[in-house]
>>> print(open('protein-v3.txt').read())   # compact mmCIF, C-alpha atoms
# COMPACT_ATOMS: atom_id res chain seq x y z
CA MET A 11 81.57 119.22 108.15
CA LEU A 12 83.49 116.66 110.20
CA THR A 13 82.94 116.31 113.95
CA ALA A 14 85.80 117.47 116.18
CA GLU A 15 86.61 113.83 116.94
CA LYS A 16 86.73 112.95 113.23
CA VAL A 17 89.05 115.88 112.56
CA LEU A 18 91.52 114.29 114.98
CA ASP A 19 90.91 110.83 113.53
CA HIS A 20 91.61 112.04 110.00
CA TYR A 21 94.41 114.52 110.54
CA PHE A 22 96.33 113.69 113.72
CA LEU A 23 98.95 111.61 111.90
CA ASP A 24 99.36 114.26 109.21
CA ALA A 25 100.00 116.86 111.91
CA ARG A 26 102.41 114.56 113.76
CA CYS A 27 104.35 113.99 110.55
CA MET A 28 104.54 117.70 109.71
CA LEU A 29 105.65 118.63 113.24
CA ILE A 30 108.42 116.01 113.18
CA GLU A 31 109.56 117.37 109.82
CA ILE A 32 109.75 120.88 111.30
CA ALA A 33 111.69 119.55 114.29
CA ALA A 34 114.10 117.77 111.95
CA LEU A 35 114.57 120.92 109.89
CA LEU A 36 115.40 122.98 113.00
CA ASP A 37 117.84 120.29 114.16
CA ARG A 38 119.42 120.27 110.70
CA PHE A 39 119.81 124.04 110.80
CA ASP A 40 121.35 124.01 114.28
CA ARG A 41 123.87 121.32 113.34
CA ALA A 42 124.84 123.18 110.17
CA ALA A 43 125.14 126.47 112.05
CA GLU A 44 127.23 124.84 114.78
CA ALA A 45 129.60 123.49 112.15
CA ARG A 46 130.22 127.09 111.06
CA SER A 47 130.34 128.62 114.51
CA GLY A 48 130.00 132.37 114.72
CA GLU A 49 128.90 132.82 111.14
CA ILE A 50 125.39 134.25 110.76
CA PRO A 51 123.73 132.62 107.74
CA ALA A 52 122.22 134.80 105.07
CA GLY A 53 118.45 135.07 105.32
CA ILE A 54 118.35 134.28 109.04
CA ASP A 55 115.09 136.26 109.20
CA ARG A 56 113.40 133.24 107.58
CA LEU A 57 114.30 131.18 110.62
CA ASP A 58 112.92 133.94 112.84
CA ARG A 59 109.64 133.69 110.99
CA ILE A 60 109.49 129.95 111.53
CA TYR A 61 109.88 130.47 115.28
CA GLN A 62 107.27 133.26 115.22
CA ALA A 63 104.92 130.85 113.43
CA LEU A 64 105.52 128.18 116.05
CA THR A 65 104.82 130.68 118.82
CA LEU A 66 101.58 131.59 117.11
CA LEU A 67 100.60 127.93 116.81
CA ALA A 68 101.42 127.29 120.46
CA GLU A 69 98.60 129.60 121.56
CA ARG A 70 95.78 127.19 122.27
CA GLU A 71 93.17 129.80 123.15
CA THR A 72 92.91 131.83 119.98
CA THR A 73 90.72 132.50 116.98
CA PRO A 74 90.41 129.83 114.25
CA ASN A 75 92.22 131.79 111.56
CA ARG A 76 95.74 130.46 112.21
CA SER A 77 96.36 129.65 108.55
CA GLU A 78 95.52 133.19 107.52
CA ARG A 79 97.78 134.67 110.18
CA LEU A 80 100.66 132.35 109.20
CA LEU A 81 100.26 133.29 105.55
CA ASN A 82 100.37 136.96 106.52
CA LEU A 83 103.44 136.29 108.65
CA PHE A 84 105.17 134.76 105.62
CA SER A 85 104.05 137.60 103.30
CA ASP A 86 105.85 140.80 102.44
CA SER A 87 104.20 143.65 104.29
CA ALA A 88 102.00 145.82 102.05
CA MET B 3 122.90 104.33 89.72
CA GLN B 4 122.20 100.73 90.75
CA ILE B 5 119.85 100.47 93.73
CA ILE B 6 118.74 97.60 95.97
CA GLN B 7 115.33 97.87 97.62
CA PRO B 8 115.87 95.68 100.70
CA HIS B 9 112.29 95.72 102.06
CA TYR B 10 109.56 95.55 99.43
CA HIS B 11 106.17 93.85 99.42
CA GLY B 12 105.87 93.01 95.73
CA ILE B 13 102.67 90.98 96.05
CA ALA B 14 100.86 94.18 97.02
CA ARG B 15 102.22 96.19 94.10
CA THR B 16 101.61 96.35 90.38
CA ALA B 17 103.85 95.23 87.53
CA GLN B 18 104.13 98.92 86.64
CA ASP B 19 105.97 99.48 89.92
CA TYR B 20 108.52 96.84 88.92
CA GLU B 21 108.85 98.45 85.51
CA ARG B 22 109.38 101.95 86.92
CA MET B 23 111.76 100.64 89.59
CA ALA B 24 113.81 98.91 86.89
CA MET B 25 113.90 102.11 84.86
CA SER B 26 115.13 104.01 87.92
CA GLY B 27 118.02 101.62 88.57
CA VAL B 28 116.61 99.03 90.98
CA VAL B 29 118.41 95.72 90.38
CA ALA B 30 117.07 93.68 93.31
CA VAL B 31 114.33 93.64 95.93
CA ALA B 32 113.89 91.57 99.09
CA GLU B 33 110.37 90.76 100.23
CA PRO B 34 109.73 89.94 103.91
CA ALA B 35 106.64 87.97 104.89
CA PHE B 36 104.07 90.32 106.41
CA TRP B 37 100.48 90.90 107.45
CA ALA B 38 97.99 90.72 104.58
CA GLY B 39 95.62 93.32 106.05
CA PHE B 40 93.47 90.63 107.65
CA ASP B 41 94.24 87.77 110.03
CA ARG B 42 94.64 84.48 108.13
CA ALA B 43 92.76 81.48 109.50
CA TYR B 44 94.78 78.54 108.18
CA PRO B 45 98.46 77.54 108.22
CA GLU B 46 98.09 76.44 104.61
CA THR B 47 97.30 80.02 103.62
CA PHE B 48 100.77 80.98 104.91
CA VAL B 49 102.35 78.10 103.04
CA ASP B 50 100.80 79.28 99.80
CA TYR B 51 101.90 82.83 100.62
CA PHE B 52 105.48 81.61 101.15
CA ARG B 53 105.24 79.78 97.80
CA GLN B 54 104.02 82.95 96.18
CA ILE B 55 106.95 85.07 97.42
CA SER B 56 109.62 82.37 96.94
CA GLU B 57 108.44 80.90 93.61
CA PHE B 58 106.06 83.18 91.72
CA GLU B 59 107.15 86.70 92.69
CA PRO B 60 110.74 86.17 91.41
CA THR B 61 109.27 85.42 87.98
CA ARG B 62 107.27 88.68 88.00
CA ALA B 63 110.32 90.72 89.00
CA ALA B 64 112.52 88.91 86.47
CA GLN B 65 110.37 90.23 83.62
CA TYR B 66 111.86 93.63 84.42
CA GLY B 67 115.39 92.41 85.07
CA ILE B 68 115.01 92.70 88.85
CA ARG B 69 116.30 89.97 91.16
CA HIS B 70 113.73 89.02 93.81
CA PHE B 71 114.63 87.55 97.21
CA CYS B 72 112.36 86.92 100.20
CA TRP B 73 112.03 86.07 103.88
CA VAL B 74 109.54 83.77 105.60
CA ALA B 75 107.91 84.27 109.01
CA VAL B 76 104.75 84.74 110.98
CA ASN B 77 104.42 88.50 111.27
CA PRO B 78 104.00 90.07 114.74
CA LYS B 79 100.31 90.86 114.29
CA GLU B 80 99.31 87.28 113.51
CA ALA B 81 101.68 85.99 116.19
CA GLU B 82 98.78 86.85 118.49
CA ASN B 83 97.46 83.42 117.43
CA PRO B 84 100.06 81.03 118.95
CA ALA B 85 98.53 77.77 117.71
CA LEU B 86 98.43 78.98 114.13
CA SER B 87 101.93 80.45 114.46
CA GLN B 88 103.43 77.19 115.76
CA GLU B 89 101.88 75.27 112.88
CA VAL B 90 103.23 77.76 110.33
CA MET B 91 106.69 77.56 111.92
CA ARG B 92 106.68 73.82 111.31
CA HIS B 93 106.61 74.54 107.57
CA MET B 94 109.28 77.25 107.53
CA PRO B 95 112.46 75.08 107.44
CA ALA B 96 111.42 73.63 104.08
CA PHE B 97 111.41 77.16 102.69
CA PHE B 98 114.90 77.88 104.04
CA GLN B 99 116.08 75.47 101.33
CA LYS B 100 114.59 77.54 98.51
CA PRO B 101 117.13 79.39 96.34
CA THR B 102 115.86 82.92 97.06
CA VAL B 103 114.84 82.68 100.74
CA LEU B 104 117.28 84.72 102.84
CA GLY B 105 116.07 84.23 106.40
CA VAL B 106 113.37 84.69 109.02
CA GLY B 107 111.40 87.94 108.89
CA GLU B 108 109.62 90.07 109.66
CA ILE B 109 109.28 88.94 113.23
CA GLY B 110 109.09 91.03 116.41
CA PHE B 111 106.42 93.13 118.02
CA HIS B 112 103.21 94.87 117.03
CA LYS B 113 101.61 95.66 120.41
CA THR B 114 104.33 93.98 122.52
CA THR B 115 101.99 91.36 124.00
CA PRO B 116 102.99 88.09 125.73
CA ASN B 117 101.79 86.03 122.73
CA GLU B 118 103.81 88.15 120.33
CA GLU B 119 106.85 87.77 122.55
CA ALA B 120 106.57 83.98 122.76
CA ILE B 121 106.33 83.63 118.97
CA PHE B 122 109.09 86.18 118.42
CA GLU B 123 111.44 84.14 120.62
CA ALA B 124 110.38 80.85 119.03
CA GLN B 125 111.11 82.21 115.54
CA LEU B 126 114.40 83.66 116.71
CA GLU B 127 115.42 80.24 118.00
CA LEU B 128 114.30 78.66 114.72
CA ALA B 129 116.50 81.11 112.82
CA ILE B 130 119.47 80.35 115.08
CA ARG B 131 119.01 76.59 114.71
CA HIS B 132 118.92 76.89 110.92
CA ASP B 133 121.62 79.56 110.67
CA GLN B 134 119.30 82.09 109.06
CA LEU B 135 119.48 85.87 108.91
CA VAL B 136 116.86 87.69 110.99
CA LEU B 137 114.71 90.70 110.07
CA ILE B 138 112.86 92.37 112.92
CA HIS B 139 109.84 94.64 112.60
CA THR B 140 109.51 97.31 115.28
CA PRO B 141 106.07 98.66 116.19
CA HIS B 142 104.46 101.71 114.66
CA LEU B 143 103.92 105.10 116.25
CA GLN B 144 103.31 105.27 120.01
CA ASP B 145 104.30 101.61 120.59
CA LYS B 146 107.71 101.91 118.95
CA VAL B 147 109.89 102.86 121.92
CA ARG B 148 108.54 100.18 124.23
CA GLY B 149 108.61 97.50 121.54
CA THR B 150 112.14 98.35 120.42
CA ARG B 151 113.47 98.30 123.99
CA ARG B 152 111.89 94.90 124.58
CA THR B 153 113.27 93.67 121.26
CA LEU B 154 116.80 94.59 122.34
CA GLU B 155 116.32 92.90 125.72
CA ILE B 156 115.15 89.71 124.04
CA LEU B 157 117.99 89.71 121.52
CA ARG B 158 120.51 90.04 124.36
CA HIS B 159 119.26 86.73 125.79
CA HIS B 160 119.70 84.78 122.57
CA ARG B 161 122.96 83.58 121.11
CA ILE B 162 122.81 85.32 117.78
CA ALA B 163 125.55 87.38 116.18
CA PRO B 164 124.29 91.00 116.10
CA GLU B 165 125.60 91.54 112.59
CA ARG B 166 123.15 88.89 111.34
CA VAL B 167 120.15 90.81 112.68
CA TRP B 168 118.43 93.75 110.96
CA ILE B 169 116.10 95.82 113.14
CA ASP B 170 113.77 97.73 110.85
CA HIS B 171 111.55 100.83 111.01
CA ILE B 172 114.11 102.58 113.20
CA GLU B 173 113.72 106.33 113.79
CA GLU B 174 115.53 109.06 115.68
CA HIS B 175 114.29 107.90 119.09
CA THR B 176 115.31 104.25 118.63
CA ILE B 177 118.48 104.30 116.54
CA ARG B 178 121.16 104.80 119.20
CA ASP B 179 120.65 101.65 121.27
CA ALA B 180 120.16 99.40 118.23
CA LEU B 181 123.34 100.60 116.53
CA ALA B 182 125.34 100.59 119.76
CA ALA B 183 124.43 96.93 120.32
CA GLY B 184 125.91 96.02 116.92
CA TYR B 185 122.75 95.32 114.94
CA TRP B 186 121.95 96.52 111.44
CA VAL B 187 119.20 99.13 111.44
CA GLY B 188 116.69 100.01 108.73
CA PHE B 189 114.95 103.30 107.93
CA THR B 190 111.57 102.74 106.35
CA LEU B 191 110.41 105.66 104.23
CA TYR B 192 106.66 106.15 104.43
CA PRO B 193 104.66 109.17 103.37
CA ILE B 194 103.23 109.81 106.85
CA THR B 195 103.76 107.25 109.60
CA LYS B 196 107.43 106.27 109.60
CA CYS B 197 110.60 108.02 108.45
CA SER B 198 110.83 110.60 105.67
CA PRO B 199 113.60 110.78 103.05
CA LYS B 200 114.94 114.02 104.55
CA ARG B 201 115.03 112.64 108.09
CA ALA B 202 116.71 109.45 106.84
CA VAL B 203 119.49 111.53 105.31
CA ASP B 204 119.78 113.49 108.57
CA MET B 205 120.38 110.21 110.41
CA LEU B 206 122.90 109.06 107.80
CA GLU B 207 124.78 112.32 108.34
CA LEU B 208 124.62 111.95 112.12
CA TYR B 209 125.41 108.26 112.51
CA GLY B 210 127.40 107.46 109.36
CA ARG B 211 126.73 104.78 106.77
CA GLU B 212 127.85 101.67 108.62
CA ARG B 213 125.16 99.00 109.27
CA ILE B 214 122.33 101.15 107.90
CA LEU B 215 119.75 100.00 105.33
CA VAL B 216 117.19 102.32 103.73
CA ASN B 217 113.96 100.98 102.27
CA SER B 218 110.48 101.97 101.18
CA SER B 219 108.65 98.89 102.46
CA ALA B 220 105.91 99.67 99.89
CA ASP B 221 102.91 97.50 100.70
CA TRP B 222 99.13 97.59 100.31
CA GLY B 223 98.77 100.64 102.60
CA PRO B 224 99.69 104.28 101.97
CA SER B 225 103.27 103.80 100.77
CA ASP B 226 105.40 104.49 97.72
CA PRO B 227 108.40 102.47 96.47
CA PHE B 228 109.91 105.66 95.07
CA THR B 229 110.46 107.26 98.46
CA LEU B 230 113.77 105.37 98.22
CA GLN B 231 114.74 107.29 95.09
CA GLU B 232 113.57 110.51 96.79
CA CYS B 233 115.99 109.71 99.58
CA ILE B 234 118.84 109.10 97.14
CA LEU B 235 118.10 112.44 95.48
CA GLU B 236 118.07 114.20 98.87
CA TYR B 237 121.36 112.51 99.81
CA ARG B 238 123.02 113.59 96.56
CA ARG B 239 121.56 117.13 96.75
CA ARG B 240 123.30 117.57 100.09
CA GLY B 241 126.63 116.98 98.40
CA HIS B 242 127.31 113.31 99.11
CA THR B 243 129.22 111.62 96.31
CA LEU B 244 127.92 108.97 93.96
CA GLN B 245 130.16 106.39 95.61
CA GLU B 246 128.77 107.32 99.04
CA ALA B 247 125.24 106.91 97.69
CA ILE B 248 126.17 103.53 96.21
CA GLU B 249 127.57 102.48 99.59
CA VAL B 250 124.25 103.21 101.31
CA PHE B 251 121.68 102.23 98.69
CA HIS B 252 123.42 99.32 96.98
CA ASN B 253 126.47 98.09 98.84
CA ASN B 254 125.02 98.04 102.36
CA PRO B 255 122.18 95.71 101.29
CA CYS B 256 124.84 93.54 99.60
CA ARG B 257 126.84 93.45 102.83
CA PHE B 258 123.94 92.50 105.07
CA LEU B 259 121.93 90.25 102.76
CA GLY B 260 125.12 88.78 101.28
CA GLN B 261 125.81 87.06 104.60
CA ASN B 262 123.47 84.50 103.10
CA PRO B 263 125.40 83.18 100.08
CA LYS B 264 122.16 82.95 98.07
CA PHE B 265 122.30 86.74 97.79
CA ASP B 266 125.19 86.92 95.32
CA ILE B 267 125.07 90.56 94.18
CA GLN B 268 128.42 92.13 94.95
CA PRO B 269 129.23 95.66 96.22
CA ILE B 270 130.15 98.13 93.50
CA GLN B 271 133.18 100.40 93.46
CA ILE B 272 133.38 103.20 90.90
CA ILE B 273 136.73 103.18 89.12
CA LYS B 274 137.87 106.50 87.66
CA GLU B 275 139.76 106.19 84.38
>>> encode(input="protein-v3.txt", output="structure tokens")
Amino acid sequence: MLTAEKVLDHYFLDARCMLIEIAALLDRFDRAAEARSGEIPAGIDRLDRIYQALTLLAERETTPNRSERLLNLFSDSA
Amino acid sequence: MQIIQPHYHGIARTAQDYERMAMSGVVAVAEPAFWAGFDRAYPETFVDYFRQISEFEPTRAAQYGIRHFCWVAVNPKEAENPALSQEVMRHMPAFFQKPTVLGVGEIGFHKTTPNEEAIFEAQLELAIRHDQLVLIHTPHLQDKVRGTRRTLEILRHHRIAPERVWIDHIEEHTIRDALAAGYWVGFTLYPITKCSPKRAVDMLELYGRERILVNSSADWGPSDPFTLQECILEYRRRGHTLQEAIEVFHNNPCRFLGQNPKFDIQPIQIIKE
């Protein structure tokens, strides 16, 4: 298993890249939505789930099963 | 579609990359002088490197029908050695006479140190004296904002036409000032550490096509020459026309690089019958 420091060494840039991609996606959505003002896009609940996922990730003090909880968030309920 | 890869480090890539690029429509590449992954100890090593990219590499690319152009410079990282840099600069004017050398690049900042700045300015002046195009590298990651701001300050104090300067590795947080000042800007598509194809298309949609170059860099590190084709696919998938794609990925390199008459590839216009 890697040390905590090595985890940051190995994966910080990956995380930075993925976060910027998410930011760019949200910007892209907002610009597109603004261009069609007032119209609610189909499947808007998918955007809601992205924001729910980001809220979940923003909790620093939590249990280390974030991936599992995100996958459940993006799953159809049983 | 015909594509020009305006920033490509062929010496770090395989012949198979040239072959696959040719099959995907790449008709020309331009290779800036860059850091080899270690600091070189001798000026002569640079001279041989310049010979490699101005004499040998065009023959490799030509085997696949690709035109190969290049730039000569001391890169920002090795500019930390001023004595070596000055000696290398003494050899650069001879290379400006070569038939495929387009200008001075990549110069600029790595960590934005005083040594880097002195050599950056000296190479800028050399380019101005010899009427050469200029290609500027901006720093990676956390150093980018500071280095790009300082780059723009330095350029303001030199008498160089902004349209003859290409500031590369631009991202969302550095594009506005560089474009507003009249320079060409480049988006470098890297898997992790620079711009992504999707974000590059976002910026094209936000800022328009004028004075924008898109490239893969593609060197000895984690990089992929085909991120450029990924970007073209993304651009087309969003509904931009073939002619618009040609303007960005072929004609814009022709417009910037063609300011040096050695780069004689002309912009393409689709004619409907």
>>> interface_residues(input="protein-v3.txt", of="chain B", to="chain A", cutoff="8 Å", atoms="all atoms listed in the file", output="list in words")
Ile194, Thr195, Arg201 and Asp204 of chain B
>>> atom_distance(input="protein-v3.txt", atom1="atom CA of B:Trp73", atom2="atom CA of B:Gly184")
21.5 Å
>>> atom_distance(input="protein-v3.txt", atom1="atom CA of B:Gln54", atom2="atom CA of B:Lys100")
12.1 Å
>>> atom_distance(input="protein-v3.txt", atom1="atom CA of A:Asp86", atom2="atom CA of A:Leu66")
17.8 Å
>>> residues_around(input="protein-v3.txt", residues="B:Gln134", least_positions_apart="3", cutoff="8 Å", atoms="only C-alpha atoms", output="list of chain:residue names")
B:Phe98, B:Leu104, B:Gly105, B:Val106, B:Ala129, B:Ile130, B:Arg131, B:Asn262
>>> residues_around(input="protein-v3.txt", residues="A:Arg79", least_positions_apart="5", cutoff="10 Å", atoms="only C-alpha atoms", output="number ranges by chain")
A: 63, 66-67, 74, 84-85
>>> residues_around(input="protein-v3.txt", residues="A:Gln62", least_positions_apart="5", cutoff="12 Å", atoms="all atoms listed in the file", output="MDAnalysis selection string")
chainID A and resid 55:57 67:69 79:84
>>> closest_residue(input="protein-v3.txt", among="B:Glu275, B:Asp41, B:Glu174, B:Glu249", to="B:Leu215", atoms="all atoms listed in the file")
B:Glu249
>>> decode(input="protein-v3.txt", residues="stretch 81-93 of chain B", atoms="all heavy atoms", output="compact mmCIF listing (two decimals), in the first residue's frame")
# COMPACT_ATOMS: atom_id res chain seq x y z
N ALA B 81 17.87 27.73 -19.86
CA ALA B 81 18.26 29.14 -19.77
C ALA B 81 18.76 29.48 -18.37
O ALA B 81 19.34 30.55 -18.15
CB ALA B 81 17.07 30.03 -20.13
N GLU B 82 18.57 28.58 -17.44
CA GLU B 82 19.09 28.77 -16.08
C GLU B 82 20.62 28.77 -16.08
O GLU B 82 21.24 29.17 -15.10
CB GLU B 82 18.52 27.68 -15.17
CG GLU B 82 18.55 27.96 -13.69
CD GLU B 82 17.96 29.31 -13.30
OE1 GLU B 82 16.90 29.70 -13.81
OE2 GLU B 82 18.58 30.00 -12.47
N ASN B 83 21.20 28.35 -17.19
CA ASN B 83 22.67 28.37 -17.36
C ASN B 83 23.01 29.48 -18.37
O ASN B 83 23.06 29.23 -19.57
CB ASN B 83 23.13 27.00 -17.87
CG ASN B 83 24.65 26.92 -18.02
OD1 ASN B 83 25.33 27.94 -18.10
ND2 ASN B 83 25.16 25.71 -18.06
N PRO B 84 23.25 30.72 -17.91
CA PRO B 84 23.42 31.84 -18.84
C PRO B 84 24.64 31.72 -19.74
O PRO B 84 24.57 32.07 -20.93
CB PRO B 84 23.56 33.06 -17.92
CG PRO B 84 23.04 32.63 -16.60
CD PRO B 84 23.28 31.16 -16.51
N ALA B 85 25.75 31.21 -19.22
CA ALA B 85 26.96 31.12 -20.05
C ALA B 85 26.73 30.18 -21.22
O ALA B 85 27.05 30.49 -22.39
CB ALA B 85 28.14 30.64 -19.19
N LEU B 86 26.17 29.03 -20.92
CA LEU B 86 25.86 28.06 -21.97
C LEU B 86 24.87 28.67 -22.97
O LEU B 86 25.04 28.56 -24.19
CB LEU B 86 25.26 26.79 -21.35
CG LEU B 86 24.79 25.73 -22.34
CD1 LEU B 86 25.97 24.90 -22.84
CD2 LEU B 86 23.74 24.82 -21.70
N SER B 87 23.85 29.34 -22.45
CA SER B 87 22.81 29.91 -23.30
C SER B 87 23.39 30.94 -24.27
O SER B 87 23.07 30.95 -25.47
CB SER B 87 21.72 30.57 -22.46
OG SER B 87 21.15 29.64 -21.58
N GLN B 88 24.26 31.81 -23.73
CA GLN B 88 24.86 32.85 -24.60
C GLN B 88 25.67 32.21 -25.72
O GLN B 88 25.65 32.68 -26.86
CB GLN B 88 25.75 33.78 -23.76
CG GLN B 88 24.99 34.67 -22.78
CD GLN B 88 24.21 35.79 -23.49
OE1 GLN B 88 24.34 35.98 -24.70
NE2 GLN B 88 23.38 36.51 -22.72
N GLU B 89 26.38 31.15 -25.39
CA GLU B 89 27.21 30.48 -26.39
C GLU B 89 26.31 29.83 -27.46
O GLU B 89 26.61 29.91 -28.66
CB GLU B 89 28.09 29.44 -25.69
CG GLU B 89 29.13 28.77 -26.57
CD GLU B 89 30.09 29.76 -27.24
OE1 GLU B 89 30.31 30.87 -26.71
OE2 GLU B 89 30.60 29.41 -28.33
N VAL B 90 25.22 29.22 -27.03
CA VAL B 90 24.30 28.61 -28.00
C VAL B 90 23.70 29.69 -28.90
O VAL B 90 23.59 29.51 -30.12
CB VAL B 90 23.18 27.82 -27.27
CG1 VAL B 90 22.15 27.31 -28.27
CG2 VAL B 90 23.77 26.65 -26.47
N MET B 91 23.34 30.82 -28.30
CA MET B 91 22.73 31.91 -29.08
C MET B 91 23.65 32.39 -30.20
O MET B 91 23.20 32.83 -31.25
CB MET B 91 22.35 33.06 -28.16
CG MET B 91 21.10 32.78 -27.34
SD MET B 91 20.84 34.03 -26.08
CE MET B 91 20.82 35.50 -27.05
N ARG B 92 24.96 32.31 -29.94
CA ARG B 92 25.92 32.73 -30.96
C ARG B 92 25.78 31.88 -32.24
O ARG B 92 26.07 32.35 -33.34
CB ARG B 92 27.33 32.56 -30.38
CG ARG B 92 28.22 33.77 -30.50
CD ARG B 92 29.55 33.63 -29.78
NE ARG B 92 30.15 32.31 -29.76
CZ ARG B 92 30.83 31.76 -30.77
NH1 ARG B 92 31.00 32.42 -31.89
NH2 ARG B 92 31.35 30.55 -30.63
N HIS B 93 25.35 30.63 -32.06
CA HIS B 93 25.22 29.73 -33.22
C HIS B 93 23.86 29.84 -33.90
O HIS B 93 23.69 29.31 -35.01
CB HIS B 93 25.41 28.27 -32.76
CG HIS B 93 26.80 27.96 -32.30
ND1 HIS B 93 27.80 27.64 -33.18
CD2 HIS B 93 27.35 27.93 -31.06
CE1 HIS B 93 28.92 27.40 -32.50
NE2 HIS B 93 28.67 27.59 -31.20
